[in-house]
Amino acid sequence: MEYLKKRKKFIDFDGVIKDTYHPLFEDYFERRANGEYVDDTLHVIRKDWIYVLEKSPIINNAINIINELDDVTILTRIHSLENEGVAKIKDLRALGAKCDIILVPYTVKKTDVVDAKGNVLVDDAVFNLDEWEMAGGIPIFFDNRGTNKDGWGVENKKYVRTRSLDILKKY
């Protein structure tokens with residue numbers, strides 16, 4: 001009885017719950033601005049994630065909204081378990097997040113970890129939403145900057161757009 005299946009709601013972390021991009025890439029952009037050729041973007045993996053998360057603001061009351069929702073799970077891609085994964089879990093719990101948290105290894109698709117079919121994903125990366133839609137899920141583009149472009153400069157051309165997780169109250 002597929003039609004009776006309760007819809008799950010999945011929420012990306014970086015760029016949706018907390019704005020981690022500036023603290024994560026600040027030295028990368030500074031080095032490039034100084035004319036230095038920077039080919040090694042793997043420095044991001046080695047960043048001190050406790051520092052990154054301390055410097056990252058919560059986006060649009062995200063934690064409080066998450067705690068008001070039913071059947072919500074944070075689904076976040078990570079580059080390392082011990083550094084990034086542990087720091088994100090501890091940070092979310094310290095902020096009061098009560099929902100489940102699933103860590104997705106960087107080389108794995110979110111749709112390989114959870115069942116997308118009939119479920120919702122709020123994410124700020126168009127490629128994640130494309131994969132979600134292809135797997136039968138309901139994609140929602142999170143647009144904190146109001147540009148209708150993701151962090152990689154890809155324009156959102158087809159997904160419902162939101163700046164608040166309040167949209168999930170409809171699902």
# chains A, B, ... in the order shown; residues from 1 in each chain; ligands from 1

$ select_by_dssp --residues "region 57-170 of chain A" --states "strand (DSSP E or B)" --output "mmCIF file with C-alpha atoms, in the first residue's frame"
data_model
loop_
_atom_site.group_PDB
_atom_site.id
_atom_site.type_symbol
_atom_site.label_atom_id
_atom_site.label_comp_id
_atom_site.auth_asym_id
_atom_site.auth_seq_id
_atom_site.Cartn_x
_atom_site.Cartn_y
_atom_site.Cartn_z
ATOM 1 C CA ILE A 58 22.455 29.216 11.683
ATOM 2 C CA VAL A 72 12.665 14.909 9.580
ATOM 3 C CA THR A 73 16.254 13.723 9.183
ATOM 4 C CA ILE A 74 19.419 15.697 8.557
ATOM 5 C CA LEU A 75 21.239 14.136 5.605
ATOM 6 C CA THR A 76 24.733 15.583 5.276
ATOM 7 C CA ARG A 77 27.615 14.648 3.027
ATOM 8 C CA ILE A 78 30.969 14.480 4.832
ATOM 9 C CA ASP A 100 18.060 11.827 13.338
ATOM 10 C CA ILE A 101 21.326 12.658 11.577
ATOM 11 C CA ILE A 102 22.676 10.571 8.705
ATOM 12 C CA LEU A 103 26.258 11.074 7.543
ATOM 13 C CA VAL A 104 26.789 10.402 3.845
ATOM 14 C CA PRO A 105 30.341 9.553 2.704
ATOM 15 C CA VAL A 120 11.339 15.261 0.295
ATOM 16 C CA LEU A 121 14.876 16.654 0.179
ATOM 17 C CA VAL A 122 15.721 20.293 0.857
ATOM 18 C CA ASP A 123 19.203 20.958 -0.499
ATOM 19 C CA ILE A 138 10.462 15.471 -4.180
ATOM 20 C CA PRO A 139 13.315 18.018 -4.489
ATOM 21 C CA ILE A 140 13.218 21.523 -2.997
ATOM 22 C CA PHE A 141 15.964 24.042 -3.769
ATOM 23 C CA PHE A 142 17.180 26.001 -0.735
ATOM 24 C CA LYS A 149 22.035 29.590 -8.038
ATOM 25 C CA GLU A 155 21.159 27.919 -11.816
ATOM 26 C CA VAL A 160 10.546 24.709 -6.045
ATOM 27 C CA ARG A 161 12.667 27.352 -4.354
ATOM 28 C CA THR A 162 12.647 28.334 -0.680
#

$ closest_residue --among "A:Lys88, A:Lys9, A:Lys47, A:Lys109" --to "Ile167 (chain A)" --atoms "only C-alpha atoms"
A:Lys9

$ residues_around --residues "region 125-134 of chain A" --least-positions-apart "5" --cutoff "10 Å" --atoms "only C-alpha atoms" --output "ChimeraX atom specification"
/A:12,14-16,109-112,115-120,139-143,149-159

$ write_last_selection --atoms "N, CA and C atoms" --output "tab-separated table (two decimals), in the first residue's frame"
chain	number	residue	atom	x	y	z
A	12	ASP	N	19.54	18.87	4.00
A	12	ASP	CA	20.98	19.01	3.89
A	12	ASP	C	21.48	19.93	5.01
A	14	ASP	N	25.07	21.76	5.13
A	14	ASP	CA	25.88	22.90	4.68
A	14	ASP	C	25.09	23.76	3.70
A	15	GLY	N	24.93	25.03	4.06
A	15	GLY	CA	24.21	25.95	3.19
A	15	GLY	C	22.70	25.92	3.36
A	16	VAL	N	22.19	25.04	4.23
A	16	VAL	CA	20.76	24.96	4.49
A	16	VAL	C	20.47	25.18	5.99
A	109	LYS	N	26.21	8.82	-3.23
A	109	LYS	CA	25.04	9.69	-3.43
A	109	LYS	C	24.10	9.57	-2.23
A	110	LYS	N	23.40	10.64	-1.95
A	110	LYS	CA	22.41	10.61	-0.88
A	110	LYS	C	21.33	9.57	-1.18
A	111	THR	N	21.03	9.39	-2.45
A	111	THR	CA	20.01	8.42	-2.85
A	111	THR	C	20.48	6.98	-2.70
A	112	ASP	N	21.78	6.77	-2.51
A	112	ASP	CA	22.30	5.43	-2.22
A	112	ASP	C	22.17	5.09	-0.74
A	115	ASP	N	16.10	6.05	0.92
A	115	ASP	CA	15.10	5.90	-0.13
A	115	ASP	C	14.48	7.26	-0.45
A	116	ALA	N	14.71	7.73	-1.65
A	116	ALA	CA	14.18	9.03	-2.06
A	116	ALA	C	12.72	8.97	-2.49
A	117	LYS	N	12.28	7.82	-2.95
A	117	LYS	CA	10.96	7.71	-3.57
A	117	LYS	C	9.84	8.22	-2.65
A	118	GLY	N	9.16	9.27	-3.13
A	118	GLY	CA	8.05	9.84	-2.40
A	118	GLY	C	8.44	10.71	-1.22
A	119	ASN	N	9.74	10.83	-0.96
A	119	ASN	CA	10.23	11.62	0.17
A	119	ASN	C	10.81	12.94	-0.31
A	120	VAL	N	10.92	13.89	0.61
A	120	VAL	CA	11.34	15.26	0.30
A	120	VAL	C	12.80	15.48	0.69
A	139	PRO	N	12.20	17.11	-4.77
A	139	PRO	CA	13.31	18.02	-4.49
A	139	PRO	C	12.84	19.45	-4.24
A	140	ILE	N	13.47	20.10	-3.27
A	140	ILE	CA	13.22	21.52	-3.00
A	140	ILE	C	14.56	22.23	-2.92
A	141	PHE	N	14.71	23.28	-3.71
A	141	PHE	CA	15.96	24.04	-3.77
A	141	PHE	C	15.99	25.09	-2.67
A	142	PHE	N	17.01	25.01	-1.80
A	142	PHE	CA	17.18	26.00	-0.74
A	142	PHE	C	18.08	27.11	-1.26
A	143	ASP	N	17.56	28.33	-1.24
A	143	ASP	CA	18.22	29.48	-1.85
A	143	ASP	C	18.44	30.57	-0.82
A	149	LYS	N	20.86	30.36	-7.63
A	149	LYS	CA	22.04	29.59	-8.04
A	149	LYS	C	22.60	28.88	-6.81
A	150	ASP	N	23.13	27.68	-7.05
A	150	ASP	CA	23.74	26.97	-5.93
A	150	ASP	C	25.17	27.47	-5.71
A	151	GLY	N	25.85	26.90	-4.73
A	151	GLY	CA	27.20	27.33	-4.39
A	151	GLY	C	28.23	27.11	-5.47
A	152	TRP	N	27.89	26.33	-6.48
A	152	TRP	CA	28.78	26.06	-7.60
A	152	TRP	C	28.41	26.90	-8.81
A	153	GLY	N	27.45	27.80	-8.65
A	153	GLY	CA	27.04	28.68	-9.73
A	153	GLY	C	26.03	28.08	-10.69
A	154	VAL	N	25.50	26.90	-10.35
A	154	VAL	CA	24.51	26.25	-11.22
A	154	VAL	C	23.13	26.85	-10.93
A	155	GLU	N	22.48	27.31	-11.98
A	155	GLU	CA	21.16	27.92	-11.82
A	155	GLU	C	20.08	26.85	-11.62
A	156	ASN	N	19.21	27.09	-10.69
A	156	ASN	CA	18.05	26.23	-10.46
A	156	ASN	C	17.01	26.59	-11.51
A	157	LYS	N	16.72	25.66	-12.39
A	157	LYS	CA	15.78	25.95	-13.47
A	157	LYS	C	14.46	25.22	-13.32
A	158	LYS	N	14.34	24.31	-12.35
A	158	LYS	CA	13.09	23.55	-12.33
A	158	LYS	C	12.54	23.20	-10.95
A	159	TYR	N	13.26	23.47	-9.89
A	159	TYR	CA	12.79	23.02	-8.58
A	159	TYR	C	12.13	24.15	-7.79

$ residues_around --residues "Ser56 (chain A)" --least-positions-apart "2" --cutoff "7 Å" --atoms "only C-alpha atoms" --output "list in words"
Lys18, Asp19, Thr20, Pro23, Val52, Leu53, Glu54 and Ile58 of chain A

$ atom_distance --atom1 "CA of Lys170 (chain A)" --atom2 "CA of Arg145 (chain A)"
22.5 Å

$ atom_distance --atom1 "CA of Gly96 (chain A)" --atom2 "CA of Ile59 (chain A)"
14.7 Å

$ closest_residue --among "A:Ala94, A:Ser80, A:Leu69, A:Glu36" --to "Thr107 (chain A)" --atoms "only C-alpha atoms"
A:Ser80

$ closest_residue --among "A:Leu168, A:Ile66, A:Leu81, A:Ile50" --to "Tyr106 (chain A)" --atoms "only C-alpha atoms"
A:Leu81

$ closest_residue --among "A:Ala33, A:Leu92, A:Leu24, A:Ala135" --to "Ile63 (chain A)" --atoms "only C-alpha atoms"
A:Leu92

$ select_by_dssp --residues "region 4-118 of chain A" --states "alpha helix (DSSP H)" --output "JSON, numbers by chain"
{"A": [21, 22, 23, 24, 25, 26, 27, 28, 29, 30, 31, 32, 33, 43, 44, 45, 46, 49, 50, 51, 52, 53, 54, 62, 63, 64, 65, 66, 67, 68, 86, 87, 88, 89, 90, 91, 92, 93, 94, 110, 111, 112, 113]}

$ atom_distance --atom1 "CA of Val114 (chain A)" --atom2 "CA of Ile17 (chain A)"
19.3 Å
